[in-house]
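Chemist: Provided herewith: target-v7.tsv, TSV, C-alpha atoms.
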chain	number	residue	atom	x	y	z
A	139	MET	CA	27.09	-11.77	4.82
A	140	THR	CA	24.16	-10.04	6.45
A	141	VAL	CA	24.62	-6.44	5.34
A	142	ALA	CA	22.25	-5.95	2.46
A	143	ILE	CA	23.34	-2.46	1.54
A	144	ASP	CA	25.39	-1.64	-1.53
A	145	ASP	CA	26.92	1.73	-0.73
A	146	GLY	CA	27.54	2.81	-4.32
A	147	LEU	CA	23.97	2.11	-5.26
A	148	TRP	CA	22.54	3.75	-2.17
A	149	SER	CA	24.58	6.90	-2.39
A	150	ALA	CA	23.68	7.18	-6.08
A	151	ILE	CA	19.98	7.19	-5.25
A	152	GLY	CA	20.50	9.10	-1.99
A	153	ASP	CA	20.63	12.45	-3.75
A	154	PRO	CA	17.25	14.16	-4.32
A	155	THR	CA	18.26	15.60	-7.70
A	156	ARG	CA	19.32	12.18	-8.94
A	157	ARG	CA	16.08	10.63	-7.71
A	158	ARG	CA	14.16	13.35	-9.54
A	159	MET	CA	16.19	12.52	-12.65
A	160	LEU	CA	15.30	8.83	-12.35
A	161	ASP	CA	11.66	9.83	-12.02
A	162	LEU	CA	11.86	11.95	-15.18
A	163	LEU	CA	13.63	9.18	-17.09
A	164	LEU	CA	10.99	6.69	-16.00
A	165	ALA	CA	8.26	9.09	-17.05
A	166	SER	CA	9.63	9.82	-20.51
A	167	GLY	CA	11.46	6.58	-21.23
A	168	THR	CA	14.77	8.21	-22.11
A	169	GLY	CA	16.43	11.61	-21.84
A	170	THR	CA	19.59	13.57	-22.47
A	171	ALA	CA	21.47	15.96	-20.19
A	172	THR	CA	19.89	18.79	-22.16
A	173	SER	CA	16.31	17.49	-21.98
A	174	LEU	CA	16.64	16.74	-18.28
A	175	SER	CA	18.17	20.12	-17.44
A	176	GLU	CA	15.16	21.79	-19.07
A	177	GLN	CA	12.93	20.12	-16.50
A	178	LEU	CA	15.16	20.71	-13.48
A	179	PRO	CA	16.41	23.80	-11.66
A	180	VAL	CA	20.05	22.83	-12.30
A	181	THR	CA	22.48	23.41	-15.15
A	182	ARG	CA	23.12	20.99	-17.97
A	183	GLN	CA	26.64	20.50	-16.63
A	184	ALA	CA	25.31	19.52	-13.20
A	185	VAL	CA	22.84	17.11	-14.81
A	186	ALA	CA	25.67	15.54	-16.84
A	187	LYS	CA	27.65	15.02	-13.64
A	188	HIS	CA	24.68	13.38	-11.90
A	189	LEU	CA	24.13	11.16	-14.94
A	190	GLY	CA	27.73	10.02	-14.59
A	191	VAL	CA	27.09	8.95	-10.99
A	192	LEU	CA	23.93	7.08	-11.96
A	193	ASP	CA	25.79	5.47	-14.85
A	194	ARG	CA	28.62	4.26	-12.59
A	195	ALA	CA	26.05	2.77	-10.21
A	196	GLY	CA	24.51	0.97	-13.18
A	197	LEU	CA	21.14	2.69	-12.71
A	198	VAL	CA	21.11	4.22	-16.19
A	199	GLN	CA	22.49	3.14	-19.52
A	200	ALA	CA	23.76	5.50	-22.20
A	201	THR	CA	23.52	5.25	-25.97
A	202	PRO	CA	25.14	7.80	-28.30
A	203	ALA	CA	22.66	10.21	-29.88
A	204	GLY	CA	24.30	12.78	-32.09
A	205	ARG	CA	26.54	15.00	-30.01
A	206	GLU	CA	24.87	13.89	-26.79
A	207	LYS	CA	24.23	10.65	-24.96
A	208	ARG	CA	20.72	9.42	-24.48
A	209	TYR	CA	20.03	7.81	-21.12
A	210	GLY	CA	17.48	5.26	-20.00
A	211	VAL	CA	16.85	3.61	-16.62
A	212	ASP	CA	18.39	0.17	-16.16
A	213	GLN	CA	15.45	-1.87	-14.97
A	214	ALA	CA	17.48	-4.79	-13.61
A	215	GLN	CA	19.63	-2.56	-11.45
A	216	LEU	CA	16.59	-0.68	-10.18
A	217	GLU	CA	15.00	-4.00	-9.26
A	218	ARG	CA	18.16	-4.91	-7.44
A	219	ALA	CA	17.92	-1.72	-5.40
A	220	VAL	CA	14.36	-2.55	-4.33
A	221	ALA	CA	15.35	-6.13	-3.60
A	222	GLN	CA	17.97	-4.75	-1.26
A	223	LEU	CA	15.42	-2.68	0.62
A	224	ASN	CA	13.30	-5.80	0.89
A	225	ALA	CA	16.28	-7.79	2.10
A	226	VAL	CA	16.88	-5.29	4.88
A	227	GLY	CA	13.49	-6.13	6.38
A	228	ASN	CA	14.02	-9.85	6.00
A	229	THR	CA	17.44	-9.78	7.59
A	230	TRP	CA	16.05	-7.94	10.61
A	231	ASP	CA	13.47	-10.71	11.01
A	232	ALA	CA	16.29	-13.26	11.13
A	233	ARG	CA	18.35	-11.17	13.55
A	234	LEU	CA	15.36	-10.72	15.87
A	235	ARG	CA	14.77	-14.47	15.92
A	236	ARG	CA	18.36	-14.99	17.02
A	237	ILE	CA	18.05	-12.25	19.66
A	238	LYS	CA	14.98	-14.08	20.99
A	239	GLN	CA	16.72	-17.46	21.06
A	240	ILE	CA	19.85	-16.15	22.78
A	241	SER	CA	17.87	-14.15	25.37
A	242	GLU	CA	15.61	-17.09	26.22
A	243	ALA	CA	18.55	-19.46	26.52
A	244	ILE	CA	20.31	-17.06	28.91
A	245	SER	CA	17.14	-16.54	30.90
A	246	LYS	CA	16.55	-20.29	31.30
A	247	SER	CA	20.10	-20.96	32.40
A	248	LYS	CA	19.85	-18.44	35.26
B	122	MET	CA	1.78	6.03	4.92
B	123	GLU	CA	5.42	5.86	5.85
B	124	PHE	CA	7.54	3.66	3.62
B	125	GLY	CA	10.87	4.96	4.81
B	126	SER	CA	11.20	2.78	7.87
B	127	ILE	CA	11.19	-0.79	9.06
B	128	GLU	CA	9.22	-1.73	12.17
B	129	ARG	CA	9.08	-5.10	13.86
B	130	GLU	CA	7.82	-6.49	17.17
B	131	ILE	CA	8.70	-9.78	18.79
B	132	HIS	CA	7.87	-11.29	22.17
B	133	VAL	CA	10.85	-12.67	24.04
B	134	GLU	CA	10.36	-14.95	27.03
B	135	ALA	CA	13.16	-13.32	29.02
B	136	PRO	CA	13.22	-10.24	31.27
B	137	PRO	CA	14.12	-6.85	29.73
B	138	GLU	CA	17.44	-6.82	31.61
B	139	VAL	CA	18.54	-9.95	29.73
B	140	VAL	CA	17.20	-8.80	26.36
B	141	PHE	CA	18.93	-5.44	26.75
B	142	GLU	CA	22.27	-7.15	27.29
B	143	VAL	CA	21.72	-9.30	24.22
B	144	VAL	CA	20.82	-6.45	21.86
B	145	ALA	CA	23.45	-4.04	23.18
B	146	ARG	CA	26.58	-5.93	24.29
B	147	PRO	CA	29.33	-6.69	21.77
B	148	GLU	CA	29.73	-10.31	22.93
B	149	HIS	CA	26.07	-10.93	22.05
B	150	ILE	CA	26.04	-8.81	18.87
B	151	ARG	CA	28.68	-11.26	17.66
B	152	GLU	CA	26.13	-14.07	18.07
B	153	TRP	CA	23.04	-12.56	16.52
B	154	TRP	CA	24.62	-10.31	13.90
B	155	TYR	CA	27.74	-12.37	13.24
B	156	ALA	CA	29.67	-9.11	13.51
B	157	GLU	CA	32.79	-8.45	15.53
B	158	SER	CA	32.31	-5.32	17.59
B	159	GLU	CA	33.94	-3.59	20.51
B	160	VAL	CA	31.36	-0.85	20.83
B	161	GLU	CA	30.20	-0.58	24.43
B	162	PRO	CA	26.56	0.35	25.06
B	163	THR	CA	27.36	3.90	26.16
B	164	PRO	CA	25.90	7.00	24.49
B	165	GLY	CA	28.42	8.40	22.01
B	166	ALA	CA	30.52	5.23	21.92
B	167	THR	CA	31.67	4.68	18.36
B	168	GLY	CA	33.46	1.94	16.48
B	169	GLU	CA	33.02	-0.67	13.79
B	170	LEU	CA	30.93	-3.68	12.97
B	171	ILE	CA	33.24	-6.11	11.20
B	172	TRP	CA	32.25	-9.09	9.08
B	173	GLY	CA	34.86	-11.56	7.94
B	174	ASP	CA	34.61	-13.58	4.78
B	175	GLY	CA	36.90	-16.56	4.22
B	176	ASP	CA	40.47	-15.26	4.09
B	177	ASP	CA	39.54	-11.65	4.71
B	178	PRO	CA	38.72	-10.97	8.38
B	179	ARG	CA	37.66	-7.42	7.48
B	180	ALA	CA	35.65	-8.17	4.37
B	181	GLN	CA	32.98	-5.69	5.38
B	182	VAL	CA	33.51	-2.91	7.92
B	183	VAL	CA	30.66	-0.59	8.84
B	184	PRO	CA	30.82	2.29	11.35
B	185	MET	CA	28.46	2.20	14.32
B	186	THR	CA	27.74	4.89	16.94
B	187	VAL	CA	25.60	4.43	20.05
B	188	VAL	CA	22.94	7.13	20.43
B	189	VAL	CA	20.91	6.11	23.48
B	190	ALA	CA	21.60	3.42	26.07
B	191	GLU	CA	19.08	3.35	28.89
B	192	PRO	CA	19.06	-0.17	30.33
B	193	PRO	CA	16.80	-1.99	30.37
B	194	ARG	CA	14.30	-0.08	28.23
B	195	LEU	CA	16.00	1.63	25.30
B	196	PHE	CA	19.02	1.11	23.07
B	197	SER	CA	19.62	2.94	19.80
B	198	PHE	CA	22.52	3.35	17.45
B	199	ARG	CA	23.39	4.75	14.04
B	200	TRP	CA	25.25	2.79	11.43
B	201	THR	CA	26.35	2.86	7.76
B	202	HIS	CA	27.64	6.45	8.01
B	203	PRO	CA	30.78	7.03	5.92
B	204	ALA	CA	33.98	6.14	7.80
B	205	GLY	CA	35.41	9.19	9.54
B	206	GLU	CA	32.14	11.09	9.47
B	207	LYS	CA	30.13	11.84	12.58
B	208	ALA	CA	26.86	9.90	12.54
B	209	VAL	CA	23.99	12.32	12.05
B	210	ASP	CA	20.50	12.37	10.63
B	211	GLY	CA	20.87	12.02	6.87
B	212	ASN	CA	24.13	10.10	6.58
B	213	SER	CA	23.21	6.95	8.48
B	214	LEU	CA	20.47	4.55	9.46
B	215	LEU	CA	19.05	4.76	12.99
B	216	VAL	CA	18.21	1.49	14.72
B	217	THR	CA	16.14	1.63	17.91
B	218	PHE	CA	15.35	-1.24	20.25
B	219	GLU	CA	12.56	-0.51	22.68
B	220	LEU	CA	12.00	-3.02	25.48
B	221	VAL	CA	8.61	-3.19	27.20
B	222	PRO	CA	7.94	-5.61	30.09
B	223	SER	CA	5.24	-8.06	29.02
B	224	GLY	CA	4.07	-10.79	31.40
B	225	SER	CA	7.19	-12.63	32.46
B	226	GLY	CA	9.00	-11.57	29.32
B	227	THR	CA	9.66	-8.63	27.06
B	228	LEU	CA	8.05	-7.07	24.05
B	229	LEU	CA	10.97	-6.08	21.83
B	230	ARG	CA	10.23	-3.34	19.31
B	231	LEU	CA	12.67	-2.65	16.51
B	232	THR	CA	12.60	0.35	14.22
B	233	GLU	CA	15.11	1.23	11.58
B	234	THR	CA	14.76	4.65	9.94
B	235	GLY	CA	16.78	6.83	7.62
B	236	PHE	CA	16.12	5.06	4.34
B	237	ARG	CA	14.21	8.05	3.04
B	238	GLU	CA	17.01	10.45	3.91
B	239	ARG	CA	19.82	8.13	3.02
B	240	GLY	CA	18.45	6.32	0.07
B	241	TRP	CA	15.37	5.95	-1.86
B	242	GLU	CA	11.93	7.37	-1.68
B	243	VAL	CA	10.02	4.19	-2.35
B	244	ALA	CA	6.68	5.90	-1.94
B	245	VAL	CA	7.47	8.53	-4.54
B	246	LEU	CA	8.81	5.99	-6.98
B	247	GLU	CA	5.85	3.71	-6.48
B	248	GLN	CA	3.57	6.56	-7.46
B	249	GLN	CA	5.69	7.25	-10.51
B	250	TYR	CA	5.51	3.63	-11.53
B	251	ALA	CA	1.76	3.56	-11.08
B	252	GLU	CA	1.49	6.52	-13.42
B	253	HIS	CA	3.90	5.17	-15.97
B	254	VAL	CA	3.21	1.48	-15.88
B	255	ALA	CA	4.73	0.52	-19.24
B	256	GLY	CA	7.47	-1.98	-18.64
B	257	TRP	CA	6.97	-2.13	-14.92
B	258	GLU	CA	4.64	-5.09	-14.55
B	259	THR	CA	7.39	-7.20	-13.06
B	260	PHE	CA	8.57	-4.48	-10.78
B	261	VAL	CA	5.48	-3.09	-9.10
B	262	PRO	CA	4.51	-6.36	-7.37
B	263	ARG	CA	7.88	-6.32	-5.64
B	264	ILE	CA	7.29	-2.81	-4.41
B	265	GLU	CA	3.91	-3.87	-3.09
B	266	GLU	CA	5.45	-6.90	-1.44
B	267	TYR	CA	7.95	-4.64	0.22
B	268	ALA	CA	5.35	-2.11	1.31
B	269	VAL	CA	3.00	-4.79	2.66
B	270	GLY	CA	5.92	-6.28	4.57
B	271	LEU	CA	6.53	-2.93	6.21
B	272	VAL	CA	2.92	-2.15	6.92
B	273	SER	CA	2.00	-5.59	8.24
B	274	ALA	CA	4.68	-5.18	10.87
B	275	ARG	CA	2.81	-2.39	12.58
Can you dump the structure from the file as structure tokens?

Modeler:
Amino acid sequence: MTVAIDDGLWSAIGDPTRRRMLDLLLASGTGTATSLSEQLPVTRQAVAKHLGVLDRAGLVQATPAGREKRYGVDQAQLERAVAQLNAVGNTWDARLRRIKQISEAISKSK
Amino acid sequence: MEFGSIEREIHVEAPPEVVFEVVARPEHIREWWYAESEVEPTPGATGELIWGDGDDPRAQVVPMTVVVAEPPRLFSFRWTHPAGEKAVDGNSLLVTFELVPSGSGTLLRLTETGFRERGWEVAVLEQQYAEHVAGWETFVPRIEEYAVGLVSAR
């Protein structure tokens, strides 16, 4: 398998509001829908929905905190996302080597 | 500094006409990408890249749409857009092969862009990590590795 893109993960971090939320969670360690909505130009309900997407992608983890859930960034999953970006570059290197080999073989046989 | 793209260059000892065929024609894409494809190198042509896996011949199916096909100097396509959606800036990655005659061969330039729009602003996150280093000692070196990999390719 040469496609190094996990669509769930990528679409989760593809949204600017969700990336901003990850940034805020990284900055403060943890946060709730309420604390995040205070720092963002969106409603608490919208933040809660975004947190659900991040949670399903495994990028945040929730722990109960009173009537709310407290969220923190899942470091392992975030690392995985970066590893995927890295893998994209590496897989292109391998593809280009094959393109070179095939082209040169065709050229020689002419 | 632009972190949102991948750029590579490779010299191929074959004329641009040959290299163009290899990067653009489905029968060659099968060889270098291991993907089944029936997408002809014609602007607007659209279809699927299909990877099989053991028993499942369609284990991974990814849409692909040709943007530019100007043999033998330029071939570009978009891919990874959601099935059924038209490939546009923001919902897909754009791959461009530029072919420049070089001696008796070809300088092949690859760029892939759209990560920033589609995915993850590595540059922004890197800055965040630098400012909030606690717990990120294992992570930052990987970001640097990634960034250096991108930058050293230019």

Chemist: When you draw a straight line from CA of Trp230 in chain A to CA of Thr217 in chain B, how long is it in Å?

Modeler: 12.0 Å

Chemist: Please, what distance in Å, to one decimal, runs between CA of Lys238 in chain A and CA of Glu142 in chain B?

Modeler: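 Going from CA of Lys238 in chain A over to CA of Glu142 in chain B covers 11.9 Å.
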
Chemist: With distances taken over only C-alpha atoms, which residue among A:Leu234, A:Val198, A:Leu163, A:Ile240 lies nearest Phe218 in chain B?

Modeler: A:Leu234

Chemist: With a cut-off of 9 Å, could you pull out the residues of range 170-243 of chain A touching range 125-136 of chain B and give me the nearest pair of atoms for each, distance in Å to one decimal, using all atoms listed in the file, ordered by chain and ascending number, as JSON lines?

Modeler:
{"residue": "A:Val226", "atom": "CA", "partner": "B:Ile127", "partner_atom": "CA", "distance": 8.4}
{"residue": "A:Gly227", "atom": "CA", "partner": "B:Ile127", "partner_atom": "CA", "distance": 6.4}
{"residue": "A:Trp230", "atom": "CA", "partner": "B:Arg129", "partner_atom": "CA", "distance": 8.2}
{"residue": "A:Asp231", "atom": "CA", "partner": "B:Arg129", "partner_atom": "CA", "distance": 7.7}
{"residue": "A:Leu234", "atom": "CA", "partner": "B:Ile131", "partner_atom": "CA", "distance": 7.3}
{"residue": "A:Arg235", "atom": "CA", "partner": "B:Ile131", "partner_atom": "CA", "distance": 8.2}
{"residue": "A:Ile237", "atom": "CA", "partner": "B:Val133", "partner_atom": "CA", "distance": 8.4}
{"residue": "A:Lys238", "atom": "CA", "partner": "B:Val133", "partner_atom": "CA", "distance": 5.3}
{"residue": "A:Gln239", "atom": "CA", "partner": "B:Val133", "partner_atom": "CA", "distance": 8.1}
{"residue": "A:Ser241", "atom": "CA", "partner": "B:Ala135", "partner_atom": "CA", "distance": 6.0}
{"residue": "A:Glu242", "atom": "CA", "partner": "B:Ala135", "partner_atom": "CA", "distance": 5.3}
{"residue": "A:Ala243", "atom": "CA", "partner": "B:Ala135", "partner_atom": "CA", "distance": 8.5}

Chemist: What's the separation between CA of Val221 in chain B and CA of Gly168 in chain B, in Å to one decimal place?

Modeler: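 So the two atoms, CA of Val221 in chain B and CA of Gly168 in chain B, lie 27.5 Å apart.
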
Chemist: For a quick check of understanding, using all atoms listed in the file, which of B:Pro193, B:Leu229, B:Ala156, B:Val216 has the smallest distance to Ala180 in chain B?

Modeler: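 Comparing B:Pro193, B:Leu229, B:Ala156, B:Val216 against Ala180 in chain B, the winner is B:Ala156.
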